[in-house]
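File shown: work.tsv. Contents: TSV, C-alpha atoms.
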```tsv
chain	number	residue	atom	x	y	z
A	5	MET	CA	-102.24	10.95	4.55
A	6	SER	CA	-99.61	13.74	4.66
A	7	THR	CA	-98.52	15.57	1.53
A	8	ASP	CA	-95.22	17.37	1.18
A	9	ILE	CA	-95.74	21.01	0.25
A	10	LEU	CA	-93.23	20.70	-2.59
A	11	SER	CA	-95.47	18.13	-4.29
A	12	ILE	CA	-98.18	20.73	-4.92
A	13	LYS	CA	-98.75	20.97	-8.67
A	14	ASP	CA	-97.06	23.91	-10.45
A	15	LEU	CA	-95.63	25.30	-7.19
A	16	GLN	CA	-92.14	25.38	-8.65
A	17	ALA	CA	-93.20	26.58	-12.11
A	18	LYS	CA	-92.68	30.27	-11.30
A	19	ARG	CA	-90.56	32.12	-8.79
A	20	GLU	CA	-93.52	34.24	-7.65
A	21	ASN	CA	-95.40	31.04	-6.76
A	22	LEU	CA	-92.72	30.22	-4.21
A	23	VAL	CA	-92.80	33.72	-2.70
A	24	TYR	CA	-96.60	33.58	-2.42
A	25	MET	CA	-96.52	30.17	-0.73
A	26	ALA	CA	-93.72	31.20	1.62
A	27	ARG	CA	-95.87	34.11	2.82
A	28	SER	CA	-98.87	31.77	3.13
A	29	ALA	CA	-96.83	29.27	5.16
A	30	GLU	CA	-95.70	32.11	7.44
A	31	VAL	CA	-99.29	33.22	8.09
A	32	ALA	CA	-100.23	29.60	8.81
A	33	GLU	CA	-97.18	29.25	11.08
A	34	ARG	CA	-95.99	26.28	9.02
A	35	TYR	CA	-92.33	27.12	9.37
A	36	GLU	CA	-90.96	23.73	8.30
A	37	ASP	CA	-92.83	24.17	5.00
A	38	MET	CA	-91.60	27.73	4.80
A	39	CYS	CA	-87.97	26.54	5.06
A	40	LYS	CA	-88.47	24.08	2.20
A	41	ILE	CA	-89.91	26.82	-0.02
A	42	MET	CA	-87.23	29.37	0.85
A	43	LYS	CA	-84.50	26.84	0.15
A	44	LEU	CA	-85.86	26.47	-3.39
A	45	LEU	CA	-86.05	30.24	-3.73
A	46	VAL	CA	-82.41	30.64	-2.70
A	47	GLN	CA	-81.39	28.04	-5.28
A	48	TRP	CA	-83.45	29.63	-8.08
A	49	ASP	CA	-81.06	30.42	-10.93
A	50	GLY	CA	-80.30	33.95	-11.98
A	51	THR	CA	-81.97	35.90	-9.17
A	52	SER	CA	-80.98	37.24	-5.76
A	53	LEU	CA	-83.30	37.70	-2.79
A	54	SER	CA	-85.01	41.04	-2.22
A	55	ALA	CA	-85.01	42.60	1.27
A	56	ASP	CA	-88.50	41.19	1.90
A	57	GLU	CA	-87.42	37.74	0.73
A	58	ARG	CA	-84.36	37.86	2.99
A	59	ASN	CA	-86.69	38.50	5.89
A	60	LEU	CA	-88.83	35.51	4.86
A	61	LEU	CA	-85.72	33.33	4.85
A	62	SER	CA	-84.74	34.58	8.28
A	63	VAL	CA	-88.21	34.14	9.76
A	64	ALA	CA	-88.51	30.58	8.41
A	65	TYR	CA	-85.29	29.24	9.87
A	66	LYS	CA	-85.44	31.40	13.01
A	67	ASN	CA	-88.73	29.83	14.05
A	68	VAL	CA	-87.69	26.27	13.22
A	69	ILE	CA	-84.40	26.59	15.08
A	70	GLY	CA	-86.01	28.54	17.92
A	71	MET	CA	-88.16	25.58	18.92
A	72	ARG	CA	-85.12	23.28	19.08
A	73	ARG	CA	-83.08	25.78	21.08
A	74	ALA	CA	-85.92	26.08	23.58
A	75	SER	CA	-86.22	22.28	23.76
A	76	CYS	CA	-82.50	21.88	24.38
A	77	ARG	CA	-82.60	24.42	27.20
A	78	THR	CA	-85.60	22.74	28.80
A	79	LEU	CA	-84.16	19.21	28.58
A	80	LYS	CA	-80.93	20.43	30.19
A	81	GLU	CA	-82.89	21.08	33.39
A	82	TYR	CA	-84.07	17.47	33.71
A	83	LYS	CA	-82.17	14.80	35.60
A	84	ASN	CA	-80.16	12.58	33.28
A	85	SER	CA	-81.38	9.09	32.44
A	86	GLU	CA	-80.62	6.67	29.63
A	87	TRP	CA	-83.85	7.51	27.79
A	88	LEU	CA	-83.58	11.23	28.36
A	89	ASP	CA	-79.97	11.28	27.16
A	90	LYS	CA	-81.04	9.64	23.91
A	91	TYR	CA	-83.88	12.12	23.53
A	92	LYS	CA	-81.52	15.04	24.10
A	93	LEU	CA	-79.24	13.69	21.38
A	94	LEU	CA	-82.20	13.43	19.01
A	95	VAL	CA	-83.18	17.08	19.55
A	96	GLU	CA	-79.56	18.22	19.32
A	97	ASP	CA	-79.12	16.35	16.04
A	98	GLU	CA	-82.23	18.07	14.65
A	99	LEU	CA	-80.79	21.45	15.66
A	100	LYS	CA	-77.44	20.61	14.08
A	101	ASP	CA	-79.08	19.53	10.80
A	102	ILE	CA	-81.10	22.75	10.57
A	103	CYS	CA	-78.05	24.89	11.28
A	104	LYS	CA	-75.99	23.03	8.69
A	105	GLU	CA	-78.73	23.45	6.09
A	106	ILE	CA	-79.03	27.22	6.46
A	107	LEU	CA	-75.26	27.65	6.82
A	108	GLY	CA	-74.86	25.74	3.57
A	109	LEU	CA	-77.26	28.09	1.78
A	110	LEU	CA	-75.49	31.12	3.21
A	111	GLN	CA	-71.90	30.05	2.64
A	112	LYS	CA	-72.27	28.25	-0.69
A	113	THR	CA	-74.87	30.42	-2.43
A	114	LEU	CA	-76.05	33.65	-0.81
A	115	ILE	CA	-72.76	35.16	0.38
A	116	PRO	CA	-70.69	34.25	-2.72
A	117	ASP	CA	-73.47	35.52	-5.01
A	118	VAL	CA	-73.79	38.90	-3.29
A	119	LYS	CA	-70.00	39.33	-3.21
A	120	ASN	CA	-69.87	38.67	-6.96
A	121	GLU	CA	-72.66	41.19	-7.51
A	122	ILE	CA	-70.73	43.80	-5.51
A	123	LYS	CA	-67.62	43.24	-7.65
A	124	GLN	CA	-69.61	43.55	-10.88
A	125	VAL	CA	-71.35	46.76	-9.81
A	126	GLU	CA	-68.11	48.30	-8.52
A	127	MET	CA	-66.55	47.89	-11.97
A	128	ASN	CA	-69.23	50.27	-13.30
A	129	LEU	CA	-69.72	52.45	-10.23
A	130	LYS	CA	-71.17	55.50	-11.97
A	131	GLY	CA	-74.78	55.92	-10.91
A	132	GLN	CA	-74.69	52.64	-8.96
A	133	GLU	CA	-74.18	54.00	-5.43
A	134	ALA	CA	-77.67	53.00	-4.26
A	135	LYS	CA	-77.22	49.51	-5.68
A	136	ILE	CA	-73.90	49.15	-3.87
A	137	MET	CA	-75.54	50.16	-0.58
A	138	ASP	CA	-78.32	47.61	-1.06
A	139	LEU	CA	-75.79	44.86	-1.77
A	140	GLN	CA	-73.65	45.78	1.24
A	141	GLU	CA	-76.79	45.65	3.39
A	142	ALA	CA	-77.54	42.18	2.02
A	143	LEU	CA	-73.98	41.04	2.72
A	144	VAL	CA	-74.14	42.24	6.33
A	145	PHE	CA	-77.52	40.51	6.69
A	146	TYR	CA	-76.14	37.17	5.46
A	147	LEU	CA	-72.93	37.39	7.49
A	148	LYS	CA	-74.95	38.19	10.59
A	149	MET	CA	-77.16	35.16	9.96
A	150	THR	CA	-74.05	33.02	9.54
A	151	GLY	CA	-72.69	34.23	12.86
A	152	ASP	CA	-76.06	33.58	14.52
A	153	TYR	CA	-76.25	29.94	13.42
A	154	HIS	CA	-72.67	29.21	14.40
A	155	ARG	CA	-73.54	30.74	17.79
A	156	TYR	CA	-76.57	28.46	18.14
A	157	LEU	CA	-74.32	25.46	17.52
A	158	ALA	CA	-71.72	26.75	19.96
A	159	GLU	CA	-74.25	27.22	22.75
A	160	ILE	CA	-75.38	23.57	22.50
A	161	PHE	CA	-72.15	21.84	21.54
A	162	THR	CA	-69.94	23.57	24.08
A	163	ASP	CA	-66.79	21.57	23.30
A	164	ASP	CA	-66.80	22.59	19.64
A	165	ASN	CA	-64.39	25.51	19.36
A	166	GLU	CA	-64.77	25.60	15.58
A	167	ASN	CA	-68.25	27.12	15.84
A	168	VAL	CA	-67.12	29.58	18.50
A	169	GLU	CA	-64.33	30.83	16.25
A	170	ALA	CA	-66.60	30.87	13.19
A	171	ALA	CA	-69.24	32.91	15.01
A	172	GLN	CA	-66.71	35.47	16.23
A	173	SER	CA	-64.91	35.85	12.90
A	174	THR	CA	-68.14	36.14	10.89
A	175	TYR	CA	-69.71	38.64	13.26
A	176	THR	CA	-66.47	40.67	13.14
A	177	ALA	CA	-66.48	40.72	9.33
A	178	ALA	CA	-70.14	41.76	9.31
A	179	LEU	CA	-69.54	44.54	11.83
A	180	ASP	CA	-66.62	45.95	9.82
A	181	ILE	CA	-68.82	46.23	6.72
A	182	ALA	CA	-71.82	47.56	8.68
A	183	GLN	CA	-69.77	50.33	10.26
A	184	LYS	CA	-68.56	51.41	6.82
A	185	HIS	CA	-71.83	51.21	4.88
A	186	LEU	CA	-74.82	51.30	7.26
A	187	ILE	CA	-75.86	54.23	9.45
A	188	PRO	CA	-75.71	53.66	13.25
A	189	THR	CA	-79.52	53.53	13.50
A	190	HIS	CA	-79.94	50.92	10.76
A	191	PRO	CA	-81.86	47.93	12.21
A	192	ILE	CA	-79.48	45.39	10.67
A	193	ARG	CA	-76.41	47.13	12.10
A	194	LEU	CA	-78.08	47.42	15.52
A	195	GLY	CA	-79.28	43.80	15.44
A	196	LEU	CA	-75.79	42.65	14.53
A	197	ALA	CA	-74.25	44.58	17.43
A	198	LEU	CA	-76.88	43.15	19.78
A	199	ASN	CA	-76.33	39.52	18.75
A	200	PHE	CA	-72.54	39.87	18.61
A	201	SER	CA	-72.55	41.31	22.13
A	202	VAL	CA	-74.67	38.35	23.30
A	203	CYS	CA	-72.08	36.07	21.69
A	204	TYR	CA	-69.31	37.81	23.63
A	205	TYR	CA	-71.22	37.50	26.88
A	206	GLU	CA	-72.69	34.00	26.61
A	207	ILE	CA	-70.31	32.10	24.33
A	208	LEU	CA	-66.94	33.85	24.64
A	209	LYS	CA	-67.50	34.73	28.32
A	210	ASP	CA	-66.07	38.20	27.77
A	211	GLN	CA	-68.33	40.55	29.72
A	212	PRO	CA	-66.22	43.72	29.26
A	213	LYS	CA	-66.17	43.27	25.46
A	214	ALA	CA	-69.91	42.50	25.40
A	215	CYS	CA	-70.65	45.69	27.32
A	216	GLU	CA	-68.24	47.75	25.20
A	217	LEU	CA	-69.87	46.60	21.97
A	218	ALA	CA	-73.44	47.03	23.21
A	219	LYS	CA	-72.74	50.47	24.70
A	220	GLY	CA	-70.88	51.64	21.60
A	221	ALA	CA	-73.76	50.64	19.33
A	222	PHE	CA	-76.36	52.19	21.64
A	223	ASP	CA	-74.47	55.48	22.03
A	224	ALA	CA	-73.80	55.75	18.29
A	225	ALA	CA	-77.50	55.22	17.55
A	226	ILE	CA	-78.62	57.70	20.21
A	227	SER	CA	-76.39	60.37	18.67
A	228	LYS	CA	-78.15	59.85	15.31
A	229	LEU	CA	-81.65	59.34	16.64
A	230	ASP	CA	-83.06	62.09	14.45
A	231	SER	CA	-81.87	60.22	11.35
A	232	ILE	CA	-84.14	57.19	11.88
A	233	ASP	CA	-86.64	57.02	9.06
A	234	GLU	CA	-90.26	56.21	9.76
A	235	ALA	CA	-90.09	52.75	8.18
A	236	SER	CA	-87.39	51.47	10.53
A	237	TYR	CA	-88.17	53.55	13.64
A	238	LYS	CA	-90.01	50.78	15.50
A	239	ASP	CA	-87.39	48.12	14.76
A	240	SER	CA	-84.43	50.37	15.54
A	241	THR	CA	-85.79	51.65	18.84
A	242	LEU	CA	-86.79	48.13	19.92
A	243	ILE	CA	-83.26	46.85	19.37
A	244	MET	CA	-81.83	49.90	21.16
A	245	GLN	CA	-84.04	49.04	24.13
A	246	LEU	CA	-82.72	45.46	24.09
A	247	LEU	CA	-79.14	46.76	24.01
A	248	ARG	CA	-79.85	48.95	27.02
A	249	ASP	CA	-81.61	46.13	28.87
A	250	ASN	CA	-78.66	43.81	28.32
A	251	LEU	CA	-76.20	46.44	29.51
A	252	THR	CA	-78.22	46.83	32.71
A	253	LEU	CA	-78.39	43.07	33.14
A	254	TRP	CA	-74.72	42.43	32.47
A	255	THR	CA	-73.48	45.13	34.82
A	256	THR	CA	-75.74	44.26	37.76
A	257	THR	CA	-76.31	40.47	37.72
A	258	ASP	CA	-74.83	37.20	36.52
A	259	THR	CA	-78.01	36.03	34.78
A	260	ASN	CA	-77.81	34.81	31.18
A	261	GLU	CA	-81.36	35.69	30.17
A	262	ASP	CA	-80.12	38.11	27.53
A	263	GLY	CA	-82.28	39.80	24.95
A	264	GLU	CA	-81.33	39.09	21.36
A	265	GLU	CA	-82.65	40.46	18.12
A	266	ASP	CA	-83.61	37.12	16.56
A	267	GLY	CA	-87.13	37.37	17.91
A	268	THR	CA	-88.11	40.46	15.91
A	269	GLU	CA	-89.07	39.65	12.36
A	270	ASN	CA	-88.65	43.02	10.71
A	271	ALA	CA	-85.33	43.82	12.31
A	272	GLU	CA	-83.52	41.01	10.55
```

The structure given in the file should be rewritten as structure tokens.
Amino acid sequence: MSTDILSIKDLQAKRENLVYMARSAEVAERYEDMCKIMKLLVQWDGTSLSADERNLLSVAYKNVIGMRRASCRTLKEYKNSEWLDKYKLLVEDELKDICKEILGLLQKTLIPDVKNEIKQVEMNLKGQEAKIMDLQEALVFYLKMTGDYHRYLAEIFTDDNENVEAAQSTYTAALDIAQKHLIPTHPIRLGLALNFSVCYYEILKDQPKACELAKGAFDAAISKLDSIDEASYKDSTLIMQLLRDNLTLWTTTDTNEDGEEDGTENAE
């Protein structure tokens, strides 16, 4: 007999219980459970997510959606049949539901909340500069996630221009804020540039713009390489390597096996 994780006694009694169980679900690679827990954490009244909790949210949904994206790509390679077409639709519907769930959390709760926090802190700016930077980082993080999930929808549902436009506009808004508030070597800024450039190349079919964005981000980071702090060195340099790999790929071949930042947990 299966038991839903949310039915565990006293799980929802304290916020820290949810954080503990989300980490436990991650270790156990129970990402569906992890998504359920993180959804509750997002909806917890009166608190915003810490940087570590944002990463938990990203890891949970990234792994759940990653399996469906891989399944959709694999099923595309098989010869069509009535049964297979129905199965493809089933997997695509699962992917759509997951994307809609996380987009709902981002657009209805996380992004509005962090924007309100920024406004409140800006009204009393004295001594709040560090807080403002943390909130801007969170906003870029959430906007990047929003762009990512619209991109995932656009890559599967190729006739849906709404998701294409939403991905581009959200990535653009995130990049504008990142360039103002995050240093060029910041993992979130680099990961955003990487995924936005993949969007240009794969979804918007704009190779020159993809290369321009990837090269600009890579060159800006290289020029500030000595400013990378020890905590983010591994993540930043990994994403820089992916940017360089994509540039090589996009300027020498027509393959679409692009590297994207979604696969690295700590760089989110």

Q | Neighbour list for stretch 30-36 of chain A as a list in words, cut-off 12 Å, all atoms listed in the file, skip fewer than 5 positions in-chain | A | Asp8, Ile9, Leu10, Val23, Tyr24, Met25, Ile41, Met42, Lys43, Asn59, Leu60, Leu61, Ser62, Val63, Ala64, Tyr65, Lys66, Asn67, Val68, Ile69, Gly70, Met71, Ile102 and Glu269 of chain A

Based on the selection just made, write C-alpha atoms of those residues as an mmCIF file, in the frame of the given file.
```cif
data_model
loop_
_atom_site.group_PDB
_atom_site.id
_atom_site.type_symbol
_atom_site.label_atom_id
_atom_site.label_comp_id
_atom_site.auth_asym_id
_atom_site.auth_seq_id
_atom_site.Cartn_x
_atom_site.Cartn_y
_atom_site.Cartn_z
ATOM 1 C CA ASP A 8 -95.220 17.370 1.180
ATOM 2 C CA ILE A 9 -95.740 21.010 0.250
ATOM 3 C CA LEU A 10 -93.230 20.700 -2.590
ATOM 4 C CA VAL A 23 -92.800 33.720 -2.700
ATOM 5 C CA TYR A 24 -96.600 33.580 -2.420
ATOM 6 C CA MET A 25 -96.520 30.170 -0.730
ATOM 7 C CA ILE A 41 -89.910 26.820 -0.020
ATOM 8 C CA MET A 42 -87.230 29.370 0.850
ATOM 9 C CA LYS A 43 -84.500 26.840 0.150
ATOM 10 C CA ASN A 59 -86.690 38.500 5.890
ATOM 11 C CA LEU A 60 -88.830 35.510 4.860
ATOM 12 C CA LEU A 61 -85.720 33.330 4.850
ATOM 13 C CA SER A 62 -84.740 34.580 8.280
ATOM 14 C CA VAL A 63 -88.210 34.140 9.760
ATOM 15 C CA ALA A 64 -88.510 30.580 8.410
ATOM 16 C CA TYR A 65 -85.290 29.240 9.870
ATOM 17 C CA LYS A 66 -85.440 31.400 13.010
ATOM 18 C CA ASN A 67 -88.730 29.830 14.050
ATOM 19 C CA VAL A 68 -87.690 26.270 13.220
ATOM 20 C CA ILE A 69 -84.400 26.590 15.080
ATOM 21 C CA GLY A 70 -86.010 28.540 17.920
ATOM 22 C CA MET A 71 -88.160 25.580 18.920
ATOM 23 C CA ILE A 102 -81.100 22.750 10.570
ATOM 24 C CA GLU A 269 -89.070 39.650 12.360
#
```

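The environment of A:Glu141 within 8 Å, counting all atoms listed in the file and disregarding residues fewer than 4 places along the same chain, consists of A:Met137, A:Phe145, A:Ala182, A:His185, A:Leu186, A:Ile192.
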
Restricting the output to C-alpha atoms, write the selected residues as a short mmCIF file (atom, residue, chain, number, x, y, z; two decimals), in the frame of the given file.
```cif
data_model
loop_
_atom_site.label_atom_id
_atom_site.label_comp_id
_atom_site.auth_asym_id
_atom_site.auth_seq_id
_atom_site.Cartn_x
_atom_site.Cartn_y
_atom_site.Cartn_z
CA MET A 137 -75.54 50.16 -0.58
CA PHE A 145 -77.52 40.51 6.69
CA ALA A 182 -71.82 47.56 8.68
CA HIS A 185 -71.83 51.21 4.88
CA LEU A 186 -74.82 51.30 7.26
CA ILE A 192 -79.48 45.39 10.67
#
```

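We find atom CA of A:Thr252 and atom CA of A:Tyr204 to be spaced 15.6 Å apart.
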
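Note that the spacing between atom CA of A:Asp180 and atom CA of A:Glu216 amounts to 15.6 Å.
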
Q. Quick one: of A:Glu133, A:Glu20, A:Asp210, A:Asp138, who's nearest to A:Val118, counting only C-alpha atoms?
A. A:Asp138
